[in-house]
Amino acid sequence: MNQTKNLIDENGRRTDGRNPDELRQIKITVGVVKNADGSAFIEFGRNKIIAAVYGPREVHPKHMALPDRCILRCRYHMSPFSTDTRKNPAPSRREVEISKVMRESLEPALILEDYPRAAIDLFVEVLQADGGSRCAGITAASIALADAGINMRDIVSACAAGKIDNKIVLDINDTEDKEGGADMPVAYMPHLEQVTLLQLDGILTPEQFNECLDKAIGGCNMVYEIQRQALMQKYFGNETELKEEQ
Amino acid sequence: MQEIKRKYVVPGDKVIEGNFRPLMNVIKAGNSIIATRIGIAETGRDGVKVIPLSGVYIPRVNDIVIGKIIDHSSLSWEVDVNSCFSAHLPAQDVFGRDFSPARDDMGRQLAIGDLIAARIIAFDRTRDPMLTIQDKDLGKIPRGELLKISATRVPRLIGKRGSMIQTIEQATQTRILIGQNGIVVVMGRNLDGIKLSIRAIKMVEEEAHTANLTQRVKALLNVPDSPQAESSSVTQTQNNQKGEEIQSTIEEVEEEKIEGGNA
Amino acid sequence: MSSSKRSTIIVEHLRKQQMWDAISKGKRLDGRNLNETRSIEIEQDIIKKANGSAKVKLGNSEVVAGVKVETGEPFEGLENKGALILSAEVLPTASPYSEPGPPDEETIELARVVDRGIRESYMIDLDKLVLVPGKIVYTIFVDCSVINTDGNLFDATSYAVVSALVSSKLPVFEIQDGKVVDTGNKQDPPITTIPISITAVRIGDVVILDPTAEEEACMDARITITTNSNGHYTALQKGSTGAFTVEQIKKAADIARIKGEEIRNKLKELPKTG
């Protein structure tokens, strides 16, 4: 796709001032929705997203329950005021697809066999979107699931990489997504080193593809550190080391 | 004193490497033991476990729970036990073997909205929990202040052999019923005592994972910080059940060190 | 079709009894007086992509409102007025009982009652938002997302909408060569009054203000009363399956006017209120 404007200037800086390998600023607050069993609020660049978990809980309607494991239901939804142009509140095809891939990115990390005949409901609400909202949503959802005390094999961290001005960069924002050459969101389990979400929009040569994937995984690892820090902060305060009695 | 290594963990964290037995809230991955919950990981001689700090209550057989009647069919009451499954109390448990729906009025015994203390007598992966109220100290709870705490904090609230809860009861002249499902009822005549009791319970809930909690609770209650003599109390039955099963909490380490001098 | 829903929250008898005892002595279970509202926290301009926004926490009830301004056709019969469209969604995050899906009758009532409070008071002077009379007008969308509910969504949502509107910056559109163009300038919204809604419920013979979810589960009837800056009544809605005496309604209306003024003053003190 031909670009009409320069997304990287002569000094190597992007439209928002970042370097090609720089993540946007991320801030995570745990336990923000009082009624939910687990929740998190994430600010990822200008994305503002809430993830809330209810579960494990009873399945309604009952016939949807599985005898040997829990079911995971996921809804990704954008508030009408979250985008540049007002969005109709009814679920769009894009939201339905993202709900599906989001669920499939988190299921591998959950030990669903521990909760037979129950359901875990995950709701990701986008209050403001600015490129990479599905990655930010997965990142917040992962924390919400841990906050809810659901048995997990690993945390899931998500980050996108992309191509702008024919260069591979980390974590593309809304402008770069619209004007750039490729967008590759990735979700990753950092300890198990496994990819649970991978999508691509755009055109990449084989070298660019490898570079893009590696860069996104590097981004996921950076995101993980922030997720872990947020959980430790909420549960253990400023004590990162458990103090034994003297 | 046995060597127990502890640390704070979140899901995915490696607790330890080596041939250890995975006990609770951990999984074996290759040569490592991985935590699956947020909590305090403990590695001891008998294995590795994580004491969780969050999570919905999952029923266990023999747990004492406090539940709310929310419905009834012709043969049993449906009870909300603050879990992912509704529990059932069979009418026969209350009326006896020869219960007859035509003759016996279920609503008279237990109405929707009533609170009961019950024991889980059956629960497995294929069916909802089943309750009984036929033991001592079980049955309808007619009055008291109702609180909900996280079920994961209940062991800490009870304390080793009931020590924490008894400290609070005695200092505030209240009787406290604790369900393993996190529902707590505080009963007493003195309004101030009840309020103080509730503050102490909330403090334990919030700081369950920290050190020196007993000291701070005693300070709140204006109780001198000395070894607690075990005294019998009406809540002993349920406290002992769970209290004795708690082998290692930070509390225990403190008390052992204090009591070591008095042995 | 509307039919009685089995109440989803079953309040323990213990709690109900304590609630009645406390109320008969003039107090509520959370320590408040009968006419006391919970703390109100308001944050404006939290959604930068919107023309205006606000997050309100009324006790534990939390609502976000966002304002988006576009152009479009006027409503039929209102050819010389800008269009105001208000909608609300109780997100499935809000409580264990909220389900995703199209709005149910309670959510629709919520949106329409809040809308009435804003529209009937002429809070926004829609006459000033016309580009081409009869053809192109400003369309103001106000959308509300309820994030967490602990009762009284009517007031929480209304305060969020009012806070979002007073702090919003509208685009300035022009017609150039027969096309609508955003000049890039910004204008303050034409605000004429600040409507404040106050909701009360009846439990037994007592009427209390700003109910929690637990109090709503025990209520016999509910009433929402909206007043404007002149202390005049502009919208009313009685809800739930019980009834009020005429005396109770008149008294509630009086209190709503006085309390409304208190909250109006609080809103005026906010930094971003135009």
# chains A, B, ... in the order shown; residues from 1 in each chain; ligands from 1
$ closest_atom_pairs --of "chain A" --to "chain B" --cutoff "8 Å" --atoms "only C-alpha atoms" --output "tab-separated table"
residue	atom	partner	partner_atom	distance
A:Asp37	CA	B:Val56	CA	7.3
A:Gly55	CA	B:Cys84	CA	7.1
A:Pro56	CA	B:Cys84	CA	5.5
A:Arg57	CA	B:Cys84	CA	3.8
A:Glu58	CA	B:Cys84	CA	5.1
A:Pro67	CA	B:Thr126	CA	6.8
A:Asp68	CA	B:Arg125	CA	7.5
A:Pro116	CA	B:Arg125	CA	6.2
A:Arg117	CA	B:Arg125	CA	7.7
A:Ala118	CA	B:Cys84	CA	6.6
A:Ala146	CA	B:Arg37	CA	6.7
A:Asp147	CA	B:Ser54	CA	6.6
A:Ala148	CA	B:Gly55	CA	5.2
A:Gly149	CA	B:Gly55	CA	3.8
A:Ile150	CA	B:Gly55	CA	6.4
A:Asn151	CA	B:Thr36	CA	5.0
A:Met152	CA	B:Thr36	CA	4.8
A:Arg153	CA	B:Gly12	CA	5.6
A:Asp154	CA	B:Gly12	CA	3.9
A:Ile155	CA	B:Gly12	CA	6.1
A:His191	CA	B:Gly12	CA	6.4
A:Arg228	CA	B:Val10	CA	7.3
A:Leu231	CA	B:Val10	CA	7.3
A:Met232	CA	B:Val10	CA	7.5
A:Tyr235	CA	B:Leu53	CA	7.9
A:Phe236	CA	B:Tyr8	CA	7.7
A:Thr240	CA	B:Tyr8	CA	7.2
A:Glu241	CA	B:Lys7	CA	6.8
A:Leu242	CA	B:Lys7	CA	5.5
A:Lys243	CA	B:Ala211	CA	7.1
A:Glu244	CA	B:Ala211	CA	7.5
A:Glu245	CA	B:Glu254	CA	6.9
$ residues_around --residues "Glu215 of chain C" --least-positions-apart "5" --cutoff "9 Å" --atoms "only C-alpha atoms" --output "ChimeraX atom specification"
/C:16,19,151,201,203
$ write_last_selection --atoms "N, CA and C atoms" --output "mmCIF file, in the first residue's frame"
data_model
loop_
_atom_site.group_PDB
_atom_site.id
_atom_site.type_symbol
_atom_site.label_atom_id
_atom_site.label_comp_id
_atom_site.auth_asym_id
_atom_site.auth_seq_id
_atom_site.Cartn_x
_atom_site.Cartn_y
_atom_site.Cartn_z
ATOM 1 N N LYS C 16 -32.770 -7.700 55.700
ATOM 2 C CA LYS C 16 -34.024 -6.947 55.511
ATOM 3 C C LYS C 16 -34.521 -6.446 56.852
ATOM 4 N N MET C 19 -32.491 -3.682 58.028
ATOM 5 C CA MET C 19 -32.747 -2.483 57.227
ATOM 6 C C MET C 19 -34.008 -1.791 57.738
ATOM 7 N N GLY C 151 -26.824 0.251 42.628
ATOM 8 C CA GLY C 151 -28.074 0.960 42.830
ATOM 9 C C GLY C 151 -28.069 2.369 42.276
ATOM 10 N N VAL C 201 -36.589 5.955 46.965
ATOM 11 C CA VAL C 201 -37.389 4.735 46.978
ATOM 12 C C VAL C 201 -38.160 4.658 48.280
ATOM 13 N N ILE C 203 -39.492 2.227 51.228
ATOM 14 C CA ILE C 203 -39.367 0.922 51.890
ATOM 15 C C ILE C 203 -40.288 0.977 53.093
#
$ interface_residues --of "chain A" --to "chain C" --cutoff "6 Å" --atoms "only C-alpha atoms" --output "list in words"
Asn35, Ala52 and Phe81 of chain A
$ write_last_selection --atoms "C-alpha atoms" --output "CSV table (one decimal), in the first residue's frame"
chain,number,residue,atom,x,y,z
A,35,ASN,CA,-18.7,-6.5,41.6
A,52,ALA,CA,-13.8,-7.9,34.0
A,81,PHE,CA,-17.5,7.1,22.1
$ interface_residues --of "chain C" --to "chain B" --cutoff "9 Å" --atoms "only C-alpha atoms" --output "PyMOL selection string"
chain C and resi 10-15+18
$ residues_around --residues "Ile196 of chain C" --least-positions-apart "5" --cutoff "9 Å" --atoms "only C-alpha atoms" --output "ChimeraX atom specification"
/C:117-118,155,158-159,162,225-229,256-257,259-261,263-264
$ residues_around --residues "segment 92-109 of chain B" --least-positions-apart "4" --cutoff "10 Å" --atoms "only C-alpha atoms" --output "PyMOL selection string"
chain B and resi 71-77+114+131-134+139-140
$ write_last_selection --atoms "N, CA and C atoms" --output "CSV table (one decimal), in the first residue's frame"
chain,number,residue,atom,x,y,z
B,71,ASP,N,-34.6,-20.8,46.7
B,71,ASP,CA,-35.7,-21.4,46.0
B,71,ASP,C,-35.9,-22.7,46.6
B,72,HIS,N,-37.1,-23.3,46.3
B,72,HIS,CA,-37.2,-24.7,46.6
B,72,HIS,C,-38.1,-25.5,45.6
B,73,SER,N,-37.7,-26.7,45.4
B,73,SER,CA,-38.6,-27.6,44.5
B,73,SER,C,-39.4,-28.4,45.5
B,74,SER,N,-40.1,-29.4,45.0
B,74,SER,CA,-40.9,-30.1,46.0
B,74,SER,C,-40.1,-31.0,46.8
B,75,LEU,N,-38.8,-31.2,46.5
B,75,LEU,CA,-38.0,-32.2,47.3
B,75,LEU,C,-36.8,-31.6,48.0
B,76,SER,N,-36.4,-30.4,47.6
B,76,SER,CA,-35.2,-29.8,48.3
B,76,SER,C,-35.2,-28.3,48.2
B,77,TRP,N,-34.4,-27.7,49.1
B,77,TRP,CA,-34.2,-26.3,49.0
B,77,TRP,C,-33.0,-26.0,48.1
B,114,ASP,N,-33.8,-17.0,54.1
B,114,ASP,CA,-33.3,-17.5,55.4
B,114,ASP,C,-31.8,-17.9,55.2
B,131,LEU,N,-26.2,-30.6,51.0
B,131,LEU,CA,-26.0,-30.2,52.4
B,131,LEU,C,-26.8,-30.9,53.4
B,132,THR,N,-26.3,-30.8,54.7
B,132,THR,CA,-27.1,-31.2,55.8
B,132,THR,C,-27.1,-30.2,56.9
B,133,ILE,N,-28.2,-30.1,57.6
B,133,ILE,CA,-28.1,-29.2,58.8
B,133,ILE,C,-28.4,-29.9,60.1
B,134,GLN,N,-28.1,-31.2,60.0
B,134,GLN,CA,-28.4,-32.0,61.2
B,134,GLN,C,-27.4,-32.1,62.3
B,139,GLY,N,-28.0,-25.2,61.2
B,139,GLY,CA,-29.4,-24.9,61.1
B,139,GLY,C,-29.6,-23.4,60.8
B,140,LYS,N,-30.8,-23.0,60.9
B,140,LYS,CA,-31.1,-21.6,60.6
B,140,LYS,C,-30.4,-20.6,61.5
$ select_by_dssp --residues "segment 18-200 of chain C" --states "strand (DSSP E)" --output "ChimeraX atom specification"
/C:40-44,52-58,61-72,83-90,130-132,136-148,170-176,179-187,196-200
$ write_last_selection --atoms "C-alpha atoms" --output "PDB file, in the first residue's frame"
ATOM      1  CA  ILE C  40     -20.151  11.612  44.265  1.00  0.00           C
ATOM      2  CA  GLU C  41     -16.805  11.493  42.434  1.00  0.00           C
ATOM      3  CA  ILE C  42     -16.678  13.124  39.021  1.00  0.00           C
ATOM      4  CA  GLU C  43     -13.817  13.068  36.515  1.00  0.00           C
ATOM      5  CA  GLN C  44     -14.289  15.013  33.292  1.00  0.00           C
ATOM      6  CA  GLY C  52     -16.826  15.548  25.942  1.00  0.00           C
ATOM      7  CA  SER C  53     -16.801  12.834  28.583  1.00  0.00           C
ATOM      8  CA  ALA C  54     -17.152  12.164  32.271  1.00  0.00           C
ATOM      9  CA  LYS C  55     -16.861   9.293  34.705  1.00  0.00           C
ATOM     10  CA  VAL C  56     -19.101   9.403  37.751  1.00  0.00           C
ATOM     11  CA  LYS C  57     -18.901   7.239  40.869  1.00  0.00           C
ATOM     12  CA  LEU C  58     -21.993   7.463  43.026  1.00  0.00           C
ATOM     13  CA  SER C  61     -22.156   2.752  40.994  1.00  0.00           C
ATOM     14  CA  GLU C  62     -19.819   3.774  38.198  1.00  0.00           C
ATOM     15  CA  VAL C  63     -20.868   5.209  34.815  1.00  0.00           C
ATOM     16  CA  VAL C  64     -18.910   6.681  31.892  1.00  0.00           C
ATOM     17  CA  ALA C  65     -20.647   9.055  29.468  1.00  0.00           C
ATOM     18  CA  GLY C  66     -19.172  10.166  26.143  1.00  0.00           C
ATOM     19  CA  VAL C  67     -20.297  12.920  23.773  1.00  0.00           C
ATOM     20  CA  LYS C  68     -19.676  12.666  20.026  1.00  0.00           C
ATOM     21  CA  VAL C  69     -20.814  15.386  17.659  1.00  0.00           C
ATOM     22  CA  GLU C  70     -21.526  14.859  13.980  1.00  0.00           C
ATOM     23  CA  THR C  71     -23.883  16.363  11.431  1.00  0.00           C
ATOM     24  CA  GLY C  72     -27.030  14.818  10.048  1.00  0.00           C
ATOM     25  CA  ALA C  83     -30.563  16.545  17.180  1.00  0.00           C
ATOM     26  CA  LEU C  84     -29.752  15.025  20.572  1.00  0.00           C
ATOM     27  CA  ILE C  85     -29.563  11.240  20.809  1.00  0.00           C
ATOM     28  CA  LEU C  86     -28.955   9.618  24.168  1.00  0.00           C
ATOM     29  CA  SER C  87     -28.414   5.924  24.755  1.00  0.00           C
ATOM     30  CA  ALA C  88     -27.212   3.791  27.646  1.00  0.00           C
ATOM     31  CA  GLU C  89     -25.845   0.319  28.061  1.00  0.00           C
ATOM     32  CA  VAL C  90     -25.465  -1.562  31.319  1.00  0.00           C
ATOM     33  CA  VAL C 130     -28.543  24.217  12.945  1.00  0.00           C
ATOM     34  CA  LEU C 131     -26.405  24.419   9.785  1.00  0.00           C
ATOM     35  CA  VAL C 132     -28.952  24.350   6.991  1.00  0.00           C
ATOM     36  CA  ILE C 136     -28.414  19.662   8.014  1.00  0.00           C
ATOM     37  CA  VAL C 137     -28.060  20.057  11.752  1.00  0.00           C
ATOM     38  CA  TYR C 138     -25.560  19.189  14.481  1.00  0.00           C
ATOM     39  CA  THR C 139     -26.233  15.718  15.912  1.00  0.00           C
ATOM     40  CA  ILE C 140     -25.090  15.255  19.479  1.00  0.00           C
ATOM     41  CA  PHE C 141     -24.686  11.646  20.523  1.00  0.00           C
ATOM     42  CA  VAL C 142     -24.449  10.980  24.245  1.00  0.00           C
ATOM     43  CA  ASP C 143     -23.632   7.373  25.059  1.00  0.00           C
ATOM     44  CA  CYS C 144     -23.415   5.941  28.554  1.00  0.00           C
ATOM     45  CA  SER C 145     -21.648   2.792  29.679  1.00  0.00           C
ATOM     46  CA  VAL C 146     -22.459   1.508  33.156  1.00  0.00           C
ATOM     47  CA  ILE C 147     -19.313  -0.180  34.439  1.00  0.00           C
ATOM     48  CA  ASN C 148     -20.373  -1.237  37.955  1.00  0.00           C
ATOM     49  CA  LEU C 170     -18.116  21.005  20.143  1.00  0.00           C
ATOM     50  CA  PRO C 171     -16.606  21.197  16.666  1.00  0.00           C
ATOM     51  CA  VAL C 172     -17.531  24.195  14.529  1.00  0.00           C
ATOM     52  CA  PHE C 173     -18.979  23.046  11.216  1.00  0.00           C
ATOM     53  CA  GLU C 174     -19.517  25.181   8.138  1.00  0.00           C
ATOM     54  CA  ILE C 175     -20.980  24.690   4.712  1.00  0.00           C
ATOM     55  CA  GLN C 176     -18.319  25.193   2.052  1.00  0.00           C
ATOM     56  CA  LYS C 179     -20.400  20.357   1.723  1.00  0.00           C
ATOM     57  CA  VAL C 180     -20.148  20.127   5.507  1.00  0.00           C
ATOM     58  CA  VAL C 181     -16.634  20.977   6.650  1.00  0.00           C
ATOM     59  CA  ASP C 182     -15.097  20.817  10.113  1.00  0.00           C
ATOM     60  CA  THR C 183     -13.319  24.162  10.479  1.00  0.00           C
ATOM     61  CA  GLY C 184     -11.072  22.779  13.205  1.00  0.00           C
ATOM     62  CA  ASN C 185     -12.301  25.398  15.649  1.00  0.00           C
ATOM     63  CA  LYS C 186     -14.059  24.491  18.861  1.00  0.00           C
ATOM     64  CA  GLN C 187     -17.046  26.009  20.592  1.00  0.00           C
ATOM     65  CA  ILE C 196     -30.238  17.383  38.282  1.00  0.00           C
ATOM     66  CA  SER C 197     -32.131  14.186  38.960  1.00  0.00           C
ATOM     67  CA  ILE C 198     -32.798  12.801  42.410  1.00  0.00           C
ATOM     68  CA  THR C 199     -34.089   9.278  42.948  1.00  0.00           C
ATOM     69  CA  ALA C 200     -35.901   8.080  46.034  1.00  0.00           C
TER      70      ALA C 200
END
$ atom_distance --atom1 "atom CA of Gln227 of chain A" --atom2 "atom CA of Arg21 of chain B"
28.5 Å
$ residues_around --residues "Lys215 of chain A" --least-positions-apart "3" --cutoff "12 Å" --atoms "only C-alpha atoms" --output "ChimeraX atom specification"
/A:20-23,158-163,167-172,184-186,208-212,218-222
$ residues_around --residues "Phe44 of chain A" --least-positions-apart "5" --cutoff "8 Å" --atoms "only C-alpha atoms" --output "PyMOL selection string"
chain A and resi 24-27+136
$ write_last_selection --atoms "N, CA and C atoms" --output "short mmCIF file (atom, residue, chain, number, x, y, z; two decimals), in the first residue's frame"
data_model
loop_
_atom_site.label_atom_id
_atom_site.label_comp_id
_atom_site.auth_asym_id
_atom_site.auth_seq_id
_atom_site.Cartn_x
_atom_site.Cartn_y
_atom_site.Cartn_z
N ARG A 24 4.56 1.96 23.65
CA ARG A 24 3.86 3.11 24.22
C ARG A 24 3.81 2.94 25.73
N GLN A 25 3.42 4.00 26.40
CA GLN A 25 3.37 3.92 27.85
C GLN A 25 2.20 3.04 28.29
N ILE A 26 2.47 2.17 29.27
CA ILE A 26 1.43 1.25 29.75
C ILE A 26 1.21 1.44 31.24
N LYS A 27 -0.05 1.54 31.63
CA LYS A 27 -0.35 1.62 33.06
C LYS A 27 -1.49 0.66 33.35
N ALA A 136 -4.08 -4.86 23.85
CA ALA A 136 -4.24 -4.26 25.18
C ALA A 136 -5.33 -5.00 25.94
#
$ select_by_dssp --residues "segment 42-173 of chain C" --states "helix (DSSP H, G or I)" --output "PyMOL selection string"
chain C and resi 105-120+126-128+153-166
$ closest_residue --among "C:Gly31, C:Gly204, C:Pro190, C:Gly231" --to "Asp254 of chain C" --atoms "only C-alpha atoms"
C:Gly231
$ closest_residue --among "A:Ala216, A:Leu204, A:Leu7, A:Leu127" --to "Arg46 of chain A" --atoms "only C-alpha atoms"
A:Leu127
